[in-house]
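Q: My structure is in coords.tsv, and what it holds is TSV, C-alpha atoms and all ligand atoms:
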chain	number	residue	atom	x	y	z
A	1	MET	CA	0.00	0.00	0.00
A	2	TYR	CA	1.17	3.50	-0.83
A	3	PRO	CA	1.92	6.09	0.35
A	4	ARG	CA	4.04	4.45	2.97
A	5	LEU	CA	6.63	5.39	5.55
A	6	VAL	CA	9.57	3.02	5.70
A	7	VAL	CA	11.12	3.00	9.17
A	8	ASP	CA	14.68	1.68	9.33
A	9	LEU	CA	14.83	0.40	12.89
A	10	LYS	CA	18.61	-0.15	12.71
A	11	LYS	CA	19.11	3.52	11.94
A	12	VAL	CA	16.66	4.52	14.65
A	13	LYS	CA	18.61	2.33	17.08
A	14	ASN	CA	21.88	3.94	15.97
A	15	ASN	CA	20.47	7.40	16.63
A	16	LEU	CA	19.13	6.25	19.97
A	17	ASP	CA	22.53	4.94	21.03
A	18	LYS	CA	24.24	8.14	19.88
A	19	ILE	CA	21.87	10.53	21.64
A	20	THR	CA	22.03	8.41	24.79
A	21	GLU	CA	25.82	8.52	24.75
A	22	MET	CA	25.80	12.28	24.22
A	23	VAL	CA	23.13	13.31	26.72
A	24	LYS	CA	23.86	10.80	29.46
A	25	GLY	CA	27.58	11.28	28.91
A	26	SER	CA	27.08	14.94	29.77
A	27	GLY	CA	25.62	13.98	33.13
A	28	CYS	CA	21.98	14.62	32.20
A	29	SER	CA	19.13	12.16	32.39
A	30	LEU	CA	17.35	11.63	29.09
A	31	MET	CA	13.70	11.88	28.15
A	32	ILE	CA	13.04	10.55	24.68
A	33	VAL	CA	10.13	12.46	23.15
A	34	THR	CA	7.81	10.28	21.12
A	35	LYS	CA	5.17	12.72	19.84
A	36	GLY	CA	6.96	13.27	16.52
A	37	TYR	CA	6.01	9.80	15.31
A	38	CYS	CA	2.77	9.12	17.16
A	39	ALA	CA	4.42	6.84	19.73
A	40	ASP	CA	5.07	4.02	17.27
A	41	MET	CA	5.12	0.65	19.04
A	42	GLU	CA	8.11	-0.82	17.18
A	43	ILE	CA	10.23	2.16	18.21
A	44	TYR	CA	8.79	1.87	21.70
A	45	LYS	CA	10.28	-1.64	21.94
A	46	LEU	CA	13.73	-0.19	21.21
A	47	LEU	CA	13.20	2.51	23.82
A	48	GLU	CA	11.94	0.10	26.44
A	49	ASN	CA	15.14	-1.97	26.17
A	50	SER	CA	17.47	1.02	26.13
A	51	GLU	CA	19.33	3.09	28.70
A	52	ILE	CA	16.98	6.08	28.45
A	53	ASP	CA	15.29	7.25	31.63
A	54	TYR	CA	11.90	8.58	30.55
A	55	LEU	CA	9.30	8.24	27.80
A	56	ALA	CA	7.86	11.68	27.13
A	57	ASP	CA	4.96	12.77	24.98
A	58	SER	CA	2.63	15.73	24.61
A	59	ARG	CA	-0.49	13.57	24.30
A	60	ILE	CA	-1.88	11.47	27.11
A	61	GLN	CA	-3.28	9.05	24.49
A	62	ASN	CA	0.29	8.20	23.50
A	63	LEU	CA	1.42	7.71	27.09
A	64	LYS	CA	-1.50	5.33	27.65
A	65	LYS	CA	0.00	3.08	24.98
A	66	TYR	CA	3.06	2.63	27.23
A	67	HIS	CA	1.02	0.93	29.92
A	68	GLY	CA	3.28	-1.52	31.76
A	69	THR	CA	6.55	0.21	30.83
A	70	LYS	CA	9.55	0.11	33.16
A	71	LYS	CA	10.39	3.72	32.24
A	72	GLU	CA	8.81	6.72	33.87
A	73	ARG	CA	6.23	8.48	31.70
A	74	VAL	CA	6.24	12.24	31.26
A	75	LEU	CA	3.45	14.42	29.91
A	76	LEU	CA	5.08	17.33	28.10
A	77	ARG	CA	2.12	19.51	27.20
A	78	LEU	CA	0.51	21.35	30.07
A	79	PRO	CA	-2.39	19.17	31.19
A	80	MET	CA	-5.97	20.18	30.45
A	81	ILE	CA	-7.98	20.29	33.67
A	82	SER	CA	-10.47	17.99	31.93
A	83	GLU	CA	-7.80	15.28	31.57
A	84	ALA	CA	-6.37	15.59	35.10
A	85	GLU	CA	-7.46	12.11	36.13
A	86	ASP	CA	-5.90	10.49	33.05
A	87	VAL	CA	-2.72	12.46	33.69
A	88	VAL	CA	-2.21	11.04	37.18
A	89	LEU	CA	-3.14	7.56	35.98
A	90	HIS	CA	-0.96	7.44	32.88
A	91	SER	CA	2.02	9.66	33.63
A	92	ASP	CA	4.48	9.88	36.51
A	93	ILE	CA	5.58	13.44	35.84
A	94	SER	CA	3.85	16.32	34.07
A	95	LEU	CA	5.02	19.78	33.05
A	96	ASN	CA	2.89	22.53	34.57
A	97	SER	CA	2.49	26.28	34.94
A	98	GLU	CA	-1.05	26.80	36.29
A	99	ILE	CA	-1.83	26.34	39.97
A	100	GLU	CA	-5.51	25.55	39.28
A	101	THR	CA	-4.47	22.62	37.11
A	102	ILE	CA	-1.91	21.45	39.66
A	103	LYS	CA	-4.64	21.47	42.34
A	104	GLN	CA	-6.82	19.28	40.13
A	105	LEU	CA	-3.89	16.91	39.63
A	106	ASN	CA	-3.52	16.81	43.40
A	107	ASN	CA	-7.21	15.97	43.91
A	108	ASN	CA	-7.04	13.19	41.39
A	109	ALA	CA	-3.76	11.86	42.75
A	110	ALA	CA	-5.35	11.76	46.21
A	111	LYS	CA	-8.36	9.91	44.82
A	112	HIS	CA	-6.04	7.23	43.44
A	113	ASN	CA	-3.71	7.24	46.40
A	114	LYS	CA	-0.75	8.42	44.32
A	115	THR	CA	1.89	11.09	44.40
A	116	HIS	CA	2.19	12.90	41.09
A	117	LYS	CA	5.44	14.67	40.25
A	118	ILE	CA	5.54	17.97	38.45
A	119	LEU	CA	8.10	20.16	36.79
A	120	LEU	CA	7.20	23.83	37.09
A	121	MET	CA	7.84	25.45	33.73
A	122	ILE	CA	9.75	28.73	33.62
A	123	ASP	CA	9.54	30.83	30.45
A	124	LEU	CA	12.97	32.26	29.66
A	125	GLY	CA	11.63	34.34	26.78
A	126	ASP	CA	10.40	31.92	24.13
A	127	LEU	CA	6.85	32.92	25.14
A	128	ARG	CA	5.23	29.53	25.05
A	129	GLU	CA	4.52	27.77	28.36
A	130	GLY	CA	5.83	28.70	31.78
A	131	ILE	CA	5.83	31.47	34.34
A	132	PHE	CA	7.83	34.37	32.91
A	133	TYR	CA	11.24	34.32	34.58
A	134	LYS	CA	11.12	37.99	35.56
A	135	ASN	CA	7.89	37.51	37.54
A	136	GLU	CA	9.64	36.15	40.61
A	137	ASP	CA	6.68	36.85	42.88
A	138	GLU	CA	4.44	34.71	40.71
A	139	ILE	CA	7.02	31.92	40.78
A	140	TYR	CA	7.30	32.01	44.58
A	141	GLU	CA	3.54	32.31	45.17
A	142	THR	CA	2.93	29.33	42.91
A	143	ILE	CA	5.57	27.25	44.69
A	144	ASP	CA	4.14	28.22	48.05
A	145	GLU	CA	0.77	26.84	46.91
A	146	ILE	CA	2.30	23.71	45.38
A	147	LEU	CA	4.12	22.84	48.57
A	148	LYS	CA	0.79	22.74	50.42
A	149	LEU	CA	-0.51	19.96	48.17
A	150	GLU	CA	-0.08	16.56	49.76
A	151	ASN	CA	-0.22	14.43	46.65
A	152	ILE	CA	2.02	16.56	44.45
A	153	GLU	CA	5.81	16.43	44.53
A	154	LEU	CA	7.55	19.48	43.12
A	155	TYR	CA	10.18	17.47	41.25
A	156	GLY	CA	11.95	20.40	39.64
A	157	LEU	CA	11.92	23.12	37.02
A	158	GLY	CA	11.85	23.02	33.25
A	159	VAL	CA	12.23	25.36	30.32
A	160	ASN	CA	11.22	25.05	26.71
A	161	LEU	CA	12.92	27.11	24.03
A	162	THR	CA	13.07	27.38	20.23
A	163	CYS	CA	9.41	26.40	19.83
A	164	TYR	CA	7.36	29.58	19.56
A	165	GLY	CA	9.88	32.38	19.92
A	166	ALA	CA	12.70	30.49	18.20
A	167	VAL	CA	14.94	31.60	21.08
A	168	ILE	CA	18.24	29.71	21.09
A	169	PRO	CA	19.38	28.13	24.36
A	170	LYS	CA	22.71	29.50	25.55
A	171	ASN	CA	24.77	29.20	28.65
A	172	GLU	CA	23.45	32.62	29.71
A	173	ASN	CA	19.70	32.00	29.48
A	174	LEU	CA	19.87	28.44	30.82
A	175	SER	CA	21.94	29.72	33.74
A	176	ILE	CA	18.93	31.83	34.72
A	177	LEU	CA	16.99	28.60	35.15
A	178	VAL	CA	19.72	27.15	37.37
A	179	GLU	CA	19.83	30.37	39.43
A	180	THR	CA	16.04	30.40	39.77
A	181	ALA	CA	16.22	26.84	41.04
A	182	SER	CA	18.81	27.60	43.69
A	183	LYS	CA	16.90	30.70	44.85
A	184	ILE	CA	13.82	28.50	45.27
A	185	GLU	CA	15.80	25.83	47.13
A	186	ASN	CA	17.14	28.41	49.57
A	187	LYS	CA	13.91	30.28	50.05
A	188	PHE	CA	11.77	27.19	50.69
A	189	ASN	CA	14.48	24.94	52.09
A	190	ILE	CA	13.72	22.20	49.58
A	191	LYS	CA	15.74	20.22	47.04
A	192	LEU	CA	14.72	20.26	43.38
A	193	LYS	CA	15.73	16.95	41.82
A	194	MET	CA	15.37	17.84	38.17
A	195	ILE	CA	16.33	20.93	36.20
A	196	SER	CA	15.23	20.16	32.66
A	197	GLY	CA	17.12	22.35	30.21
A	198	GLY	CA	15.15	22.00	27.01
A	199	ASN	CA	14.82	19.97	23.84
A	200	SER	CA	16.87	19.16	20.72
A	201	SER	CA	17.92	22.79	20.47
A	202	SER	CA	19.95	22.42	23.70
A	203	VAL	CA	21.92	19.41	22.45
A	204	TYR	CA	24.57	21.50	20.67
A	205	LEU	CA	25.62	22.97	24.04
A	206	ILE	CA	26.90	19.56	25.10
A	207	GLY	CA	29.39	19.44	22.24
A	208	LYS	CA	30.60	22.94	23.08
A	209	ASN	CA	30.77	22.06	26.76
A	210	GLU	CA	28.50	25.03	27.49
A	211	LEU	CA	25.54	23.39	29.16
A	212	PRO	CA	25.44	25.10	32.56
A	213	ARG	CA	26.21	22.97	35.61
A	214	GLY	CA	22.95	22.29	37.34
A	215	ILE	CA	21.01	21.39	34.21
A	216	ASN	CA	20.53	17.66	34.70
A	217	ASN	CA	17.90	16.61	32.16
A	218	LEU	CA	17.12	17.08	28.46
A	219	ARG	CA	13.99	16.13	26.52
A	220	VAL	CA	14.93	15.03	23.03
A	221	GLY	CA	12.74	14.21	20.04
A	222	GLU	CA	13.99	15.54	16.73
A	223	ALA	CA	17.73	15.02	17.29
A	224	PHE	CA	17.03	11.37	18.02
A	225	LEU	CA	14.68	10.90	15.07
A	226	LEU	CA	16.37	12.94	12.37
A	227	GLY	CA	19.88	13.47	13.69
A	228	ASP	CA	19.91	17.26	13.75
A	229	GLU	CA	20.31	19.72	16.56
A	230	THR	CA	17.60	22.32	16.14
A	231	ALA	CA	19.33	25.49	17.34
A	232	TYR	CA	21.41	25.90	14.18
A	233	SER	CA	20.04	22.94	12.16
A	234	GLN	CA	23.35	21.12	12.01
A	235	MET	CA	23.59	17.37	11.52
A	236	LEU	CA	25.10	15.63	14.52
A	237	ASP	CA	28.13	13.39	13.95
A	238	GLY	CA	27.32	9.73	13.47
A	239	PHE	CA	23.53	10.17	13.26
A	240	TYR	CA	21.27	9.22	10.32
A	241	ASP	CA	18.83	11.70	8.75
A	242	ASP	CA	17.11	8.98	6.73
A	243	ALA	CA	15.77	6.55	9.30
A	244	PHE	CA	12.31	7.47	7.95
A	245	ILE	CA	11.65	7.44	4.21
A	246	LEU	CA	8.34	8.34	2.60
A	247	GLU	CA	7.39	6.56	-0.63
A	248	ALA	CA	4.51	7.60	-2.86
A	249	GLU	CA	3.27	6.53	-6.28
A	250	ILE	CA	3.06	8.47	-9.54
A	251	ILE	CA	-0.54	8.68	-10.79
A	252	GLU	CA	-0.06	11.14	-13.64
A	253	LEU	CA	2.97	12.08	-15.69
A	254	LYS	CA	2.53	14.69	-18.41
A	255	GLU	CA	4.29	17.51	-20.15
A	256	LYS	CA	2.54	20.78	-19.44
A	257	GLN	CA	3.44	24.43	-19.00
A	258	SER	CA	4.50	25.62	-15.58
A	259	VAL	CA	2.20	28.64	-15.20
A	260	PRO	CA	-1.58	28.14	-14.76
A	261	VAL	CA	-3.85	29.40	-17.54
A	262	GLY	CA	-6.33	32.22	-16.87
A	263	GLU	CA	-6.86	34.64	-14.01
A	264	THR	CA	-5.62	33.09	-10.74
A	265	GLY	CA	-7.25	33.53	-7.34
A	266	VAL	CA	-6.46	31.51	-4.23
A	267	ASP	CA	-5.49	27.84	-4.07
A	268	ALA	CA	-7.27	25.06	-2.15
A	269	PHE	CA	-5.81	26.38	1.12
A	270	GLY	CA	-6.60	30.05	0.67
A	271	ASN	CA	-3.06	30.99	-0.34
A	272	ARG	CA	-2.11	33.04	-3.36
A	273	PRO	CA	0.73	31.05	-4.87
A	274	VAL	CA	3.40	32.45	-7.14
A	275	TYR	CA	4.30	30.31	-10.13
A	276	GLU	CA	7.77	30.30	-11.60
A	277	ASP	CA	7.80	30.07	-15.41
A	278	ARG	CA	9.94	27.01	-16.14
A	279	GLY	CA	8.56	26.65	-19.67
A	280	ILE	CA	7.19	23.23	-20.66
A	281	ILE	CA	8.09	20.71	-17.99
A	282	LYS	CA	7.54	17.06	-17.18
A	283	ARG	CA	5.10	17.08	-14.25
A	284	ALA	CA	4.47	14.07	-12.05
A	285	ILE	CA	1.49	13.92	-9.73
A	286	ILE	CA	2.01	11.55	-6.82
A	287	ALA	CA	-0.71	10.18	-4.58
A	288	VAL	CA	0.07	11.90	-1.29
A	289	GLY	CA	-0.98	15.34	-0.08
A	290	ARG	CA	-1.04	17.92	2.64
A	291	GLN	CA	-3.06	15.58	4.83
A	292	ASP	CA	-0.09	13.23	4.89
A	293	VAL	CA	3.00	15.43	4.59
A	294	ASP	CA	4.23	19.00	4.69
A	295	PRO	CA	5.28	19.60	1.06
A	296	ASP	CA	7.81	22.26	2.10
A	297	ASN	CA	9.55	19.74	4.32
A	298	LEU	CA	9.89	16.79	2.02
A	299	HIS	CA	13.21	16.12	0.31
A	300	PRO	CA	13.30	13.93	-2.81
A	301	ILE	CA	16.10	11.36	-2.67
A	302	ASP	CA	16.46	11.95	-6.41
A	303	SER	CA	18.01	15.40	-6.01
A	304	LYS	CA	17.03	16.41	-9.54
A	305	ILE	CA	13.33	16.41	-8.63
A	306	ASP	CA	11.68	19.63	-7.43
A	307	VAL	CA	8.51	19.73	-5.34
A	308	LEU	CA	6.24	22.32	-7.01
A	309	GLY	CA	3.24	22.26	-4.73
A	310	ALA	CA	0.45	20.23	-3.23
A	311	SER	CA	-3.21	20.07	-2.39
A	312	SER	CA	-4.86	17.79	0.18
A	313	ASP	CA	-4.28	14.58	-1.78
A	314	HIS	CA	-1.94	15.47	-4.64
A	315	LEU	CA	1.72	16.39	-4.68
A	316	ILE	CA	3.11	17.89	-7.88
A	317	LEU	CA	6.72	17.34	-8.88
A	318	ASP	CA	8.92	18.66	-11.66
A	319	VAL	CA	10.85	15.61	-12.88
A	320	THR	CA	12.16	17.24	-16.07
A	321	LYS	CA	15.82	17.23	-15.04
A	322	SER	CA	15.87	13.78	-13.48
A	323	ASP	CA	18.07	11.06	-15.00
A	324	THR	CA	15.48	8.45	-14.06
A	325	PRO	CA	12.91	7.69	-16.80
A	326	TYR	CA	9.84	7.72	-14.54
A	327	SER	CA	6.52	6.12	-15.56
A	328	VAL	CA	3.06	6.11	-14.08
A	329	GLY	CA	3.04	3.58	-11.24
A	330	ASP	CA	6.65	4.23	-10.21
A	331	LYS	CA	7.38	5.15	-6.60
A	332	VAL	CA	9.22	8.30	-5.57
A	333	SER	CA	11.14	8.40	-2.26
A	334	PHE	CA	11.69	11.31	0.10
A	335	LYS	CA	13.56	12.12	3.25
A	336	VAL	CA	11.29	13.86	5.72
A	337	SER	CA	11.78	16.78	8.07
A	338	TYR	CA	9.98	16.95	11.39
A	339	SER	CA	6.68	18.40	10.17
A	340	SER	CA	6.38	15.77	7.45
A	341	LEU	CA	7.26	12.96	9.85
A	342	LEU	CA	4.58	14.25	12.22
A	343	ARG	CA	1.90	14.29	9.54
A	344	ALA	CA	2.92	11.02	7.92
A	345	THR	CA	2.75	9.14	11.21
A	346	THR	CA	-0.55	10.78	12.15
A	347	SER	CA	-2.28	10.37	8.77
A	348	ALA	CA	-4.52	7.32	8.61
A	349	TYR	CA	-3.68	7.08	4.90
A	350	VAL	CA	0.04	6.44	5.25
A	351	GLU	CA	1.03	2.81	5.72
A	352	LYS	CA	4.01	2.08	7.95
A	353	THR	CA	6.58	-0.61	7.21
A	354	TYR	CA	9.76	-1.54	9.03
A	355	LYS	CA	13.15	-2.79	8.01
A	401	LIG	C1	8.15	18.60	21.70
A	401	LIG	C2	8.77	18.91	22.99
A	401	LIG	C3	10.08	18.50	23.24
A	401	LIG	C4	10.94	17.80	22.21
A	401	LIG	O1	11.33	18.70	21.21
A	401	LIG	P1	12.37	18.27	20.06
A	401	LIG	O2	12.70	19.53	19.38
A	401	LIG	O3	11.67	17.29	19.19
A	401	LIG	O4	13.54	17.66	20.75
A	401	LIG	C5	10.62	18.77	24.49
A	401	LIG	N1	9.89	19.42	25.43
A	401	LIG	C6	8.64	19.84	25.21
A	401	LIG	C7	7.92	20.58	26.30
A	401	LIG	C8	8.04	19.63	23.99
A	401	LIG	O5	6.78	20.05	23.77
If you convert what's in this file into structure tokens, what do you get?
A:
Amino acid sequence: MYPRLVVDLKKVKNNLDKITEMVKGSGCSLMIVTKGYCADMEIYKLLENSEIDYLADSRIQNLKKYHGTKKERVLLRLPMISEAEDVVLHSDISLNSEIETIKQLNNNAAKHNKTHKILLMIDLGDLREGIFYKNEDEIYETIDEILKLENIELYGLGVNLTCYGAVIPKNENLSILVETASKIENKFNIKLKMISGGNSSSVYLIGKNELPRGINNLRVGEAFLLGDETAYSQMLDGFYDDAFILEAEIIELKEKQSVPVGETGVDAFGNRPVYEDRGIIKRAIIAVGRQDVDPDNLHPIDSKIDVLGASSDHLILDVTKSDTPYSVGDKVSFKVSYSSLLRATTSAYVEKTYK
């Protein structure tokens, strides 16, 4: 069945070993983040038998799939109050920034006779989740409240960067997190066990030996899956970027002009595309679309193919310059970036195979 995603489990395992060596070698514990590929069960088996410490995901549905795991489960996205019971049942740790939600977690943890651990998220300027680092009063008031809750353990602090604001983690900004943690420890006379210093964009700091002392955990998805650190988009040494390959089938192959005929308005997604005049070209339509991939983040293995555009179910390629004599029915292969991997593993129309 096509389209399909071919998962090379040997390459995934290689990347897993490499990231483990890097992150754990730096003295941090490692959360492997599984939301980028919908918590695939074959990859889960590799993770379960590995040296990683935590399985982390943004969706509680994915963490439920890990029922019976020996690893601790971490919910990355701030919990919805409406899912508080599921959160205490299916995760050991969750990332939080709202005291009302934390109180609901406490109530549900009490109901099930559990202690639920939380990381309080501090926003160092990326402007996604967390209490803004400059609002120290808000941080202290929240901690004061948290410490009153009997079934919640304040396990530590966390920060997330390079997601909304595209802010790059540096020794300077991550040091603020470490300082915040020690101020809290002194003020409340407590010990914070985990200071979680970010995601794949923090990985490059290990190589430069610039991860501040005190950061003792990283949460890594993309670097593990695709082998790149996401601060400067550099490939990491010894990692594979092609553990996941998307294959789709040609359903039309015709020579046509490259600029649409007639007055143009907006495309199927409300955008006003610009068309480059390439003259008469050989155009291949393949049976995969925006439901299944992000056309801007799909990289043909045949480097002489250009992706021209896509609608929900069609992807249009310029194969004019290719040395391969394509025919209808042939398959075209692509490396995927994160957004395409995310869609391909979430789309019900993309088959998964393993090698
Ligand atoms: C998605 C996510 C991660 C992992 O990010 P990568 O860039 O894939 O490493 C880590 N932490 C949080 C809070 C996330 O939402």
Q: Compute the set of protein, DNA and RNA residues whose minimum atom distance to ligand LIG 401 (chain A) is at most 6 Å, using all atoms listed in the file, and state it as a PyMOL selection string.
A: chain A and resi 33+76-77+160+199-200+219-222
Q: If you count all atoms listed in the file, which residues fall within 9 Å of Ala287 in chain A, apart from same-chain ones fewer than 6 positions away, as a list in words?
A: Tyr2, Pro3, Ala248, Glu249, Ile250, Ile251, Asp313, His314 and Leu315 of chain A
Q: With C-alpha atoms retained, export the selected residues as a tab-separated table (two decimals), in the frame of the given file.
A:
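That gives us again_23.tsv:
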chain	number	residue	atom	x	y	z
A	2	TYR	CA	1.17	3.50	-0.83
A	3	PRO	CA	1.92	6.09	0.35
A	248	ALA	CA	4.51	7.60	-2.86
A	249	GLU	CA	3.27	6.53	-6.28
A	250	ILE	CA	3.06	8.47	-9.54
A	251	ILE	CA	-0.54	8.68	-10.79
A	313	ASP	CA	-4.28	14.58	-1.78
A	314	HIS	CA	-1.94	15.47	-4.64
A	315	LEU	CA	1.72	16.39	-4.68
Q: Between A:Ala231, A:Val328, A:Ile131, A:Ile122, which one has atoms that come closest to Val178 in chain A, using all atoms listed in the file?
A: A:Ile122
Q: Just the number, please: distance in Å from CA of Lys117 in chain A to CA of Ser94 in chain A, one decimal.
A: 6.6 Å
Q: Please write as number ranges by chain the list of polymer residues whose atoms come within 12 Å of (12.7, 1.6, 18.0), counting all atoms listed in the file and keeping to the coordinates of the file.
A: A: 7-17, 32, 34, 37, 39-50, 224-225, 243-244, 354-355
Q: Would you pick out the contacts of Asp302 in chain A at 9 Å or less, using only C-alpha atoms, so that residues sharing its chain but fewer than 6 positions from it are not included, and give the list as a VMD selection string?
A: chain A and resid 322 to 324 332 to 334
Q: For each of A:Glu185, A:Glu141, A:Glu150, A:Glu276, take the minimum atom-to-atom distance to Ser258 in chain A, counting only C-alpha atoms, then give the residue where this is smallest.
A: A:Glu276
Q: Using CA of Ser311 in chain A and CA of Phe269 in chain A as the two end points, give the distance in Å to one decimal.
A: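 According to the coordinates, CA of Ser311 in chain A and CA of Phe269 in chain A are separated by 7.7 Å.
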Q: Excluding same-chain residues fewer than 2 positions from Arg283 in chain A, what lies within 7 Å of it counting only C-alpha atoms, as an MDAnalysis selection string?
A: chainID A and resid 253:256 281 285 316:319
Q: Suppose you want the space between CA of Asp296 in chain A and CA of Ile280 in chain A; what is it in Å?
A: 22.8 Å
Q: Nearest to Arg73 in chain A among A:Arg343, A:His116, A:Asn186, A:Gln104, with distances taken over only C-alpha atoms: which residue is it?
A: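 Of A:Arg343, A:His116, A:Asn186, A:Gln104, the one nearest Arg73 in chain A, counting only C-alpha atoms, is A:His116.
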Q: From the list A:Lys282, A:His67, A:Lys191, A:Lys103, which residue is nearest Ile81 in chain A when using only C-alpha atoms?
A: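 Nearest to Ile81 in chain A: A:Lys103.
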Q: A:Arg290, A:Lys18, A:His112, A:Lys70: which is nearest Leu89 in chain A, counting only C-alpha atoms?
A: A:His112
Q: Need to verify the contact set: Ser339 in chain A, 10 Å, all atoms listed in the file, exclusion of same-chain residues closer than 3 positions in sequence. Can you return it as a count of residues only?
A: 11
Q: May I have the residues within 8 Å of Thr20 in chain A as an NGL selection string, using all atoms listed in the file and disregarding those fewer than 6 positions away in the same chain?
A: :A and (30 or 51-52)
Q: Counting only C-alpha atoms, which of A:Ile245, A:Leu341, A:Asp144, A:Asp277 gets nearest to Thr353 in chain A?
A: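 Of all the options, A:Ile245 lies closest to Thr353 in chain A.
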Q: Residues proximal to (1.8, 6.4, 34.9) were defined as those with any atom within 8 Å of that point in the file's coordinates, counting all atoms listed in the file. Which are they, as a list in words?
A: Leu63, His67, Glu72, Arg73, Val87, Val88, Leu89, His90, Ser91 and Asp92 of chain A
